[in-house]
Amino acid sequence: MSLYEDEFPLADDVYYLNHAAVAPWPRRTADAVASFAQENMTYGAQHYLKWLKVERALRESLAWLINAPSFQDIALLKNTSEALSVVAYGIDWRPGDNIVSYADEFPSNRIVWESLASKGAELRLVELTTSEDPESELIALCDEHTRLVTVSSVQYARGLQIDINKIGAFCRANNILFCVDAIQSLGALPFDAQKCQADFVMADGHKWMLGPEGLAVFYCRAEIREQLSLNQFGWHMVDKPGNYDSTEWKPSQTATRFECGSPNMIGVYALHASLSLTQEVGLDTISNKLFKNISLLIELIDNIEGSTLLSPRDRARQSGIVTFSIAGADHAQLYHYLMKNGVICAQRGGGIRFSPHFYTKTDHIHKAIEILGRYNSC
Ligand SMILES: Cc1ncc(COP(=O)(O)O)c(C=O)c1O
């Protein structure tokens, strides 16, 4: 049995192709949470200093994952949406400013920007579905009033990978802030916050990082950290958080300035364990194995009568997501049929979205396609 099989003892009748939604935990994560629960039951927080070491180690793992210059650039927030809100409500918008993004972004990367209309900021959107060259079209929509460009590195519905290096270089050269929602990349594909020149990167841990919901990484480039005004305050975000008697305070110089109160320590233990697997396997191995699974899925889907692949065929544009439609099928019904038969997936982007991970077994992919093939005869 390979290490990965032992780490993912999924139930026999489960074919898990839904990592772009919520992933299963590796065994080590379940073990870490169980032993943390046991420790809380028997010792309470007696060993809090040890917990803080795990929290620090998690920041280091996340800095490694996105190639941040330092673990001190990493804030631990509740989720991607919260991090996007921290950015949106931290910028001093001026009437006439605009924000440029894609029309097909996940709602969290649209709604918060729309909410800024009251501050005079306008959201401009590029239609992705009809675009031949999404980066150039996005760049063409920017002008001298563009304050921020915000994109997902991988589009959630059909898995299109965006060339964030190209957009980031344009933004930096034109003094535009660049925000990257990386939730559909981190843990699946190599990611480099410095290379893509992102000012902000955010992602919750419950998808490709194989962690729990409710704990997200938020990176803010150190040079612009103080430009973001703060909207959440408390004992934890100050320069000397243990100094309860002092009435003097300043926001922390580090990214902890974005964390107002007590950390989600059980989430810290869980995500730390999950990322230890990511580090052990390595992102090159993870993405290579994932792309093999994606190629196999595409090959098998192409063989299905009436199927249309809605995800990219070009490897540079691909990710861990394969979305397809079947001519004449009611996709809501097809989705329920698949879920009922153990094929865990999602209905997105006008079809069915499959998202395996690096550890997904080939025979599980074949089995999922076999179940899909039986749909019409039901
Ligand atoms: C691209 C993208 N951004 C944001 C989210 C939501 O993230 P969260 O629940 O962490 O706010 C999702 C969830 O599917 C997503 O796909």
# chains A, B, ... in the order shown; residues from 1 in each chain; ligands from 1
>>> residues_near_ligand(ligand="ligand 1", cutoff="7 Å", atoms="only C-alpha atoms and all ligand atoms", output="PyMOL selection string")
chain A and resi 20-21+79-82+105-106+108-109+152+154-156+181-184+203-204+214+216
>>> residues_around(residues="region 88-103 of chain A", least_positions_apart="2", cutoff="10 Å", atoms="only C-alpha atoms", output="PyMOL selection string")
chain A and resi 82-86+105-107+109-110+112-129+134-135+137-152+155+176-179+225-231
>>> residues_around(residues="Met209 (chain A)", least_positions_apart="3", cutoff="8 Å", atoms="only C-alpha atoms", output="list in words")
Leu186, Gly187, Ala188, Gly205, His206, Leu271, Ser274, Leu275 and Thr278 of chain A
>>> closest_residue(among="A:Ala273, A:Met339, A:Val201, A:Ala75", to="Phe258 (chain A)", atoms="only C-alpha atoms")
A:Ala75
>>> residues_around(residues="Leu76 (chain A)", least_positions_apart="3", cutoff="7 Å", atoms="only C-alpha atoms", output="ChimeraX atom specification")
/A:215-218,259
>>> write_last_selection(atoms="N, CA, C and O atoms", output="compact mmCIF listing (two decimals), in the first residue's frame")
# COMPACT_ATOMS: atom_id res chain seq x y z
N LEU A 215 -10.29 28.18 8.15
CA LEU A 215 -8.95 28.73 8.43
C LEU A 215 -8.29 29.02 7.09
O LEU A 215 -8.05 28.11 6.29
N ALA A 216 -8.01 30.31 6.89
CA ALA A 216 -7.49 30.73 5.58
C ALA A 216 -6.17 31.45 5.73
O ALA A 216 -5.89 32.10 6.75
N VAL A 217 -5.35 31.35 4.69
CA VAL A 217 -4.12 32.14 4.62
C VAL A 217 -4.46 33.48 3.96
O VAL A 217 -5.22 33.54 3.00
N PHE A 218 -3.89 34.54 4.54
CA PHE A 218 -3.98 35.86 3.91
C PHE A 218 -2.58 36.45 3.87
O PHE A 218 -1.94 36.62 4.91
N GLU A 259 -5.32 40.02 12.53
CA GLU A 259 -5.97 38.98 13.35
C GLU A 259 -6.39 39.61 14.67
O GLU A 259 -5.55 39.82 15.55
>>> closest_residue(among="A:Asp314, A:Glu7, A:Glu213, A:Glu223", to="Ile298 (chain A)", atoms="only C-alpha atoms")
A:Asp314
>>> residues_around(residues="Val14 (chain A)", least_positions_apart="6", cutoff="8 Å", atoms="only C-alpha atoms", output="PyMOL selection string")
chain A and resi 342-344
>>> residues_around(residues="Ala37 (chain A)", least_positions_apart="6", cutoff="12 Å", atoms="only C-alpha atoms", output="list in words")
Ala30, Asp31, Tyr43, Gly44, Ala45, Met265, Ile266, Gly267, Tyr269 and Ala270 of chain A
>>> select_by_dssp(residues="region 231-349 of chain A", states="strand (DSSP E or B)", output="PyMOL selection string")
chain A and resi 238+251+307-309+322-326+343-344+346-348
>>> write_last_selection(atoms="all heavy atoms", output="mmCIF file, in the first residue's frame")
data_model
loop_
_atom_site.group_PDB
_atom_site.id
_atom_site.type_symbol
_atom_site.label_atom_id
_atom_site.label_comp_id
_atom_site.auth_asym_id
_atom_site.auth_seq_id
_atom_site.Cartn_x
_atom_site.Cartn_y
_atom_site.Cartn_z
ATOM 1 N N VAL A 238 -2.185 43.733 18.149
ATOM 2 C CA VAL A 238 -1.302 44.826 18.573
ATOM 3 C C VAL A 238 0.160 44.370 18.580
ATOM 4 O O VAL A 238 0.457 43.178 18.436
ATOM 5 C CB VAL A 238 -1.707 45.356 19.976
ATOM 6 C CG1 VAL A 238 -3.119 45.921 19.923
ATOM 7 C CG2 VAL A 238 -1.599 44.264 21.031
ATOM 8 N N PRO A 251 -0.736 48.864 16.065
ATOM 9 C CA PRO A 251 -0.939 47.609 15.323
ATOM 10 C C PRO A 251 0.390 46.895 15.145
ATOM 11 O O PRO A 251 1.428 47.549 15.009
ATOM 12 C CB PRO A 251 -1.487 48.077 13.972
ATOM 13 C CG PRO A 251 -1.976 49.459 14.192
ATOM 14 C CD PRO A 251 -1.151 50.044 15.284
ATOM 15 N N SER A 307 -20.737 13.999 -25.123
ATOM 16 C CA SER A 307 -20.056 14.821 -24.113
ATOM 17 C C SER A 307 -19.373 16.027 -24.751
ATOM 18 O O SER A 307 -18.924 15.967 -25.900
ATOM 19 C CB SER A 307 -19.013 13.990 -23.373
ATOM 20 O OG SER A 307 -17.945 13.688 -24.254
ATOM 21 N N THR A 308 -19.328 17.111 -24.000
ATOM 22 C CA THR A 308 -18.543 18.287 -24.417
ATOM 23 C C THR A 308 -17.676 18.691 -23.243
ATOM 24 O O THR A 308 -18.179 18.903 -22.125
ATOM 25 C CB THR A 308 -19.471 19.474 -24.774
ATOM 26 O OG1 THR A 308 -20.345 19.054 -25.810
ATOM 27 C CG2 THR A 308 -18.681 20.686 -25.234
ATOM 28 N N LEU A 309 -16.394 18.779 -23.492
ATOM 29 C CA LEU A 309 -15.480 19.245 -22.446
ATOM 30 C C LEU A 309 -15.602 20.758 -22.353
ATOM 31 O O LEU A 309 -15.444 21.462 -23.352
ATOM 32 C CB LEU A 309 -14.036 18.837 -22.796
ATOM 33 C CG LEU A 309 -13.004 19.226 -21.747
ATOM 34 C CD1 LEU A 309 -13.161 18.375 -20.483
ATOM 35 C CD2 LEU A 309 -11.593 19.089 -22.312
ATOM 36 N N VAL A 322 -12.079 19.449 -14.026
ATOM 37 C CA VAL A 322 -12.569 19.054 -15.356
ATOM 38 C C VAL A 322 -14.086 19.188 -15.343
ATOM 39 O O VAL A 322 -14.775 18.473 -14.604
ATOM 40 C CB VAL A 322 -12.207 17.590 -15.688
ATOM 41 C CG1 VAL A 322 -12.789 17.208 -17.048
ATOM 42 C CG2 VAL A 322 -10.718 17.389 -15.706
ATOM 43 N N THR A 323 -14.601 20.102 -16.158
ATOM 44 C CA THR A 323 -16.058 20.297 -16.230
ATOM 45 C C THR A 323 -16.526 19.902 -17.621
ATOM 46 O O THR A 323 -15.853 20.207 -18.612
ATOM 47 C CB THR A 323 -16.405 21.772 -15.921
ATOM 48 O OG1 THR A 323 -15.831 22.107 -14.653
ATOM 49 C CG2 THR A 323 -17.912 22.010 -15.866
ATOM 50 N N PHE A 324 -17.651 19.220 -17.671
ATOM 51 C CA PHE A 324 -18.161 18.737 -18.969
ATOM 52 C C PHE A 324 -19.683 18.748 -18.937
ATOM 53 O O PHE A 324 -20.298 18.752 -17.864
ATOM 54 C CB PHE A 324 -17.647 17.312 -19.244
ATOM 55 C CG PHE A 324 -18.094 16.320 -18.199
ATOM 56 C CD1 PHE A 324 -19.254 15.556 -18.383
ATOM 57 C CD2 PHE A 324 -17.387 16.170 -17.015
ATOM 58 C CE1 PHE A 324 -19.690 14.668 -17.405
ATOM 59 C CE2 PHE A 324 -17.812 15.285 -16.031
ATOM 60 C CZ PHE A 324 -18.962 14.533 -16.229
ATOM 61 N N SER A 325 -20.242 18.730 -20.140
ATOM 62 C CA SER A 325 -21.705 18.591 -20.229
ATOM 63 C C SER A 325 -22.016 17.394 -21.119
ATOM 64 O O SER A 325 -21.153 16.926 -21.878
ATOM 65 C CB SER A 325 -22.331 19.866 -20.801
ATOM 66 O OG SER A 325 -21.826 20.101 -22.095
ATOM 67 N N ILE A 326 -23.234 16.899 -21.000
ATOM 68 C CA ILE A 326 -23.681 15.775 -21.825
ATOM 69 C C ILE A 326 -24.931 16.254 -22.580
ATOM 70 O O ILE A 326 -25.891 16.711 -21.942
ATOM 71 C CB ILE A 326 -24.055 14.537 -20.963
ATOM 72 C CG1 ILE A 326 -22.908 14.143 -20.016
ATOM 73 C CG2 ILE A 326 -24.536 13.369 -21.828
ATOM 74 C CD1 ILE A 326 -21.775 13.376 -20.625
ATOM 75 N N VAL A 343 -20.283 9.031 -6.502
ATOM 76 C CA VAL A 343 -19.339 9.876 -7.240
ATOM 77 C C VAL A 343 -19.504 11.299 -6.700
ATOM 78 O O VAL A 343 -20.455 12.004 -7.041
ATOM 79 C CB VAL A 343 -19.600 9.836 -8.763
ATOM 80 C CG1 VAL A 343 -18.576 10.702 -9.497
ATOM 81 C CG2 VAL A 343 -19.553 8.402 -9.264
ATOM 82 N N ILE A 344 -18.600 11.688 -5.827
ATOM 83 C CA ILE A 344 -18.727 12.984 -5.159
ATOM 84 C C ILE A 344 -18.170 14.055 -6.097
ATOM 85 O O ILE A 344 -16.989 14.024 -6.463
ATOM 86 C CB ILE A 344 -17.986 12.985 -3.797
ATOM 87 C CG1 ILE A 344 -18.350 11.731 -2.982
ATOM 88 C CG2 ILE A 344 -18.301 14.263 -3.024
ATOM 89 C CD1 ILE A 344 -19.831 11.529 -2.729
ATOM 90 N N ALA A 346 -19.578 18.074 -8.320
ATOM 91 C CA ALA A 346 -20.369 19.301 -8.192
ATOM 92 C C ALA A 346 -21.022 19.621 -9.527
ATOM 93 O O ALA A 346 -20.548 19.173 -10.578
ATOM 94 C CB ALA A 346 -19.478 20.461 -7.760
ATOM 95 N N GLN A 347 -22.097 20.391 -9.444
ATOM 96 C CA GLN A 347 -22.728 20.898 -10.668
ATOM 97 C C GLN A 347 -22.311 22.356 -10.799
ATOM 98 O O GLN A 347 -22.692 23.196 -9.986
ATOM 99 C CB GLN A 347 -24.255 20.784 -10.541
ATOM 100 C CG GLN A 347 -24.957 21.076 -11.847
ATOM 101 C CD GLN A 347 -26.451 21.283 -11.677
ATOM 102 O OE1 GLN A 347 -27.029 20.974 -10.635
ATOM 103 N NE2 GLN A 347 -27.078 21.831 -12.694
ATOM 104 N N ARG A 348 -21.466 22.626 -11.769
ATOM 105 C CA ARG A 348 -20.917 23.977 -11.927
ATOM 106 C C ARG A 348 -20.692 24.291 -13.402
ATOM 107 O O ARG A 348 -20.479 23.377 -14.206
ATOM 108 C CB ARG A 348 -19.540 24.106 -11.254
ATOM 109 C CG ARG A 348 -19.490 23.907 -9.775
ATOM 110 C CD ARG A 348 -19.877 25.142 -8.987
ATOM 111 N NE ARG A 348 -19.593 24.983 -7.577
ATOM 112 C CZ ARG A 348 -20.330 24.288 -6.707
ATOM 113 N NH1 ARG A 348 -21.432 23.685 -7.115
ATOM 114 N NH2 ARG A 348 -19.979 24.206 -5.435
#
>>> atom_distance(atom1="CA of Leu49 (chain A)", atom2="CA of Ser35 (chain A)")
16.6 Å
>>> select_by_dssp(residues="region 175-278 of chain A", states="helix (DSSP H, G or I)", output="PyMOL selection string")
chain A and resi 222-227+235-237+255-258+265-278
>>> write_last_selection(atoms="C-alpha atoms", output="PDB file, in the first residue's frame")
ATOM      1  CA  ALA A 222       5.004  43.781   3.496  1.00  0.00           C
ATOM      2  CA  GLU A 223       5.710  47.021   1.607  1.00  0.00           C
ATOM      3  CA  ILE A 224       2.030  47.892   1.356  1.00  0.00           C
ATOM      4  CA  ARG A 225       0.815  46.423   4.630  1.00  0.00           C
ATOM      5  CA  GLU A 226       0.423  49.805   6.276  1.00  0.00           C
ATOM      6  CA  GLN A 227      -1.579  51.152   3.344  1.00  0.00           C
ATOM      7  CA  TRP A 235      -5.862  42.179  21.946  1.00  0.00           C
ATOM      8  CA  HIS A 236      -4.220  39.999  19.296  1.00  0.00           C
ATOM      9  CA  MET A 237      -3.531  42.511  16.530  1.00  0.00           C
ATOM     10  CA  ALA A 255       0.583  40.320   9.362  1.00  0.00           C
ATOM     11  CA  THR A 256      -0.900  39.492  12.778  1.00  0.00           C
ATOM     12  CA  ARG A 257      -2.281  43.056  12.625  1.00  0.00           C
ATOM     13  CA  PHE A 258      -5.103  41.486  10.591  1.00  0.00           C
ATOM     14  CA  MET A 265      -6.299  26.646  17.268  1.00  0.00           C
ATOM     15  CA  ILE A 266      -8.030  23.392  16.338  1.00  0.00           C
ATOM     16  CA  GLY A 267      -7.964  24.549  12.731  1.00  0.00           C
ATOM     17  CA  VAL A 268      -4.288  25.422  13.142  1.00  0.00           C
ATOM     18  CA  TYR A 269      -3.520  21.873  14.286  1.00  0.00           C
ATOM     19  CA  ALA A 270      -5.513  20.400  11.432  1.00  0.00           C
ATOM     20  CA  LEU A 271      -4.141  22.535   8.613  1.00  0.00           C
ATOM     21  CA  HIS A 272      -0.605  22.167   9.938  1.00  0.00           C
ATOM     22  CA  ALA A 273      -0.981  18.380   9.711  1.00  0.00           C
ATOM     23  CA  SER A 274      -2.495  18.542   6.220  1.00  0.00           C
ATOM     24  CA  LEU A 275       0.276  20.764   4.904  1.00  0.00           C
ATOM     25  CA  SER A 276       2.927  18.459   6.322  1.00  0.00           C
ATOM     26  CA  LEU A 277       1.680  15.960   3.725  1.00  0.00           C
ATOM     27  CA  THR A 278       1.819  18.581   0.959  1.00  0.00           C
TER      28      THR A 278
END
>>> atom_distance(atom1="CA of Arg317 (chain A)", atom2="CA of Leu160 (chain A)")
5.5 Å
>>> closest_residue(among="A:Thr285, A:Asn293, A:Gln279, A:Gln161", to="Gln318 (chain A)", atoms="only C-alpha atoms")
A:Gln161
>>> closest_residue(among="A:Thr254, A:Ser185, A:Asn376, A:Ser319", to="Phe71 (chain A)", atoms="only C-alpha atoms")
A:Thr254
>>> residues_around(residues="Leu297 (chain A)", least_positions_apart="4", cutoff="9 Å", atoms="only C-alpha atoms", output="PyMOL selection string")
chain A and resi 292-293+301-302+322+354+365-366+369
>>> write_last_selection(atoms="N, CA, C and O atoms", output="PDB file, in the first residue's frame")
ATOM      1  N   LYS A 292      -1.882  13.967 -14.431  1.00  0.00           N
ATOM      2  CA  LYS A 292      -2.120  12.631 -15.012  1.00  0.00           C
ATOM      3  C   LYS A 292      -3.583  12.251 -14.838  1.00  0.00           C
ATOM      4  O   LYS A 292      -4.229  11.717 -15.746  1.00  0.00           O
ATOM      5  N   ASN A 293      -4.099  12.505 -13.648  1.00  0.00           N
ATOM      6  CA  ASN A 293      -5.517  12.192 -13.398  1.00  0.00           C
ATOM      7  C   ASN A 293      -6.444  13.037 -14.279  1.00  0.00           C
ATOM      8  O   ASN A 293      -7.471  12.549 -14.759  1.00  0.00           O
ATOM      9  N   ILE A 301     -13.799  11.060 -20.685  1.00  0.00           N
ATOM     10  CA  ILE A 301     -14.998  11.882 -20.939  1.00  0.00           C
ATOM     11  C   ILE A 301     -15.188  12.061 -22.448  1.00  0.00           C
ATOM     12  O   ILE A 301     -16.309  12.007 -22.961  1.00  0.00           O
ATOM     13  N   ASP A 302     -14.065  12.251 -23.159  1.00  0.00           N
ATOM     14  CA  ASP A 302     -14.146  12.409 -24.619  1.00  0.00           C
ATOM     15  C   ASP A 302     -14.787  11.195 -25.286  1.00  0.00           C
ATOM     16  O   ASP A 302     -15.393  11.318 -26.349  1.00  0.00           O
ATOM     17  N   VAL A 322     -12.079  19.449 -14.026  1.00  0.00           N
ATOM     18  CA  VAL A 322     -12.569  19.054 -15.356  1.00  0.00           C
ATOM     19  C   VAL A 322     -14.086  19.188 -15.343  1.00  0.00           C
ATOM     20  O   VAL A 322     -14.775  18.473 -14.604  1.00  0.00           O
ATOM     21  N   PHE A 354     -15.727  17.627 -12.133  1.00  0.00           N
ATOM     22  CA  PHE A 354     -14.941  16.614 -11.429  1.00  0.00           C
ATOM     23  C   PHE A 354     -13.620  17.256 -11.007  1.00  0.00           C
ATOM     24  O   PHE A 354     -12.971  17.938 -11.814  1.00  0.00           O
ATOM     25  N   ILE A 365     -11.174   6.664 -10.819  1.00  0.00           N
ATOM     26  CA  ILE A 365     -11.569   7.494 -11.973  1.00  0.00           C
ATOM     27  C   ILE A 365     -12.349   6.633 -12.972  1.00  0.00           C
ATOM     28  O   ILE A 365     -13.409   7.034 -13.454  1.00  0.00           O
ATOM     29  N   HIS A 366     -11.841   5.432 -13.239  1.00  0.00           N
ATOM     30  CA  HIS A 366     -12.555   4.523 -14.158  1.00  0.00           C
ATOM     31  C   HIS A 366     -13.947   4.205 -13.610  1.00  0.00           C
ATOM     32  O   HIS A 366     -14.920   4.153 -14.350  1.00  0.00           O
ATOM     33  N   ILE A 369     -16.390   7.043 -14.088  1.00  0.00           N
ATOM     34  CA  ILE A 369     -16.824   7.157 -15.490  1.00  0.00           C
ATOM     35  C   ILE A 369     -17.781   6.012 -15.836  1.00  0.00           C
ATOM     36  O   ILE A 369     -18.759   6.202 -16.572  1.00  0.00           O
TER      37      ILE A 369
END
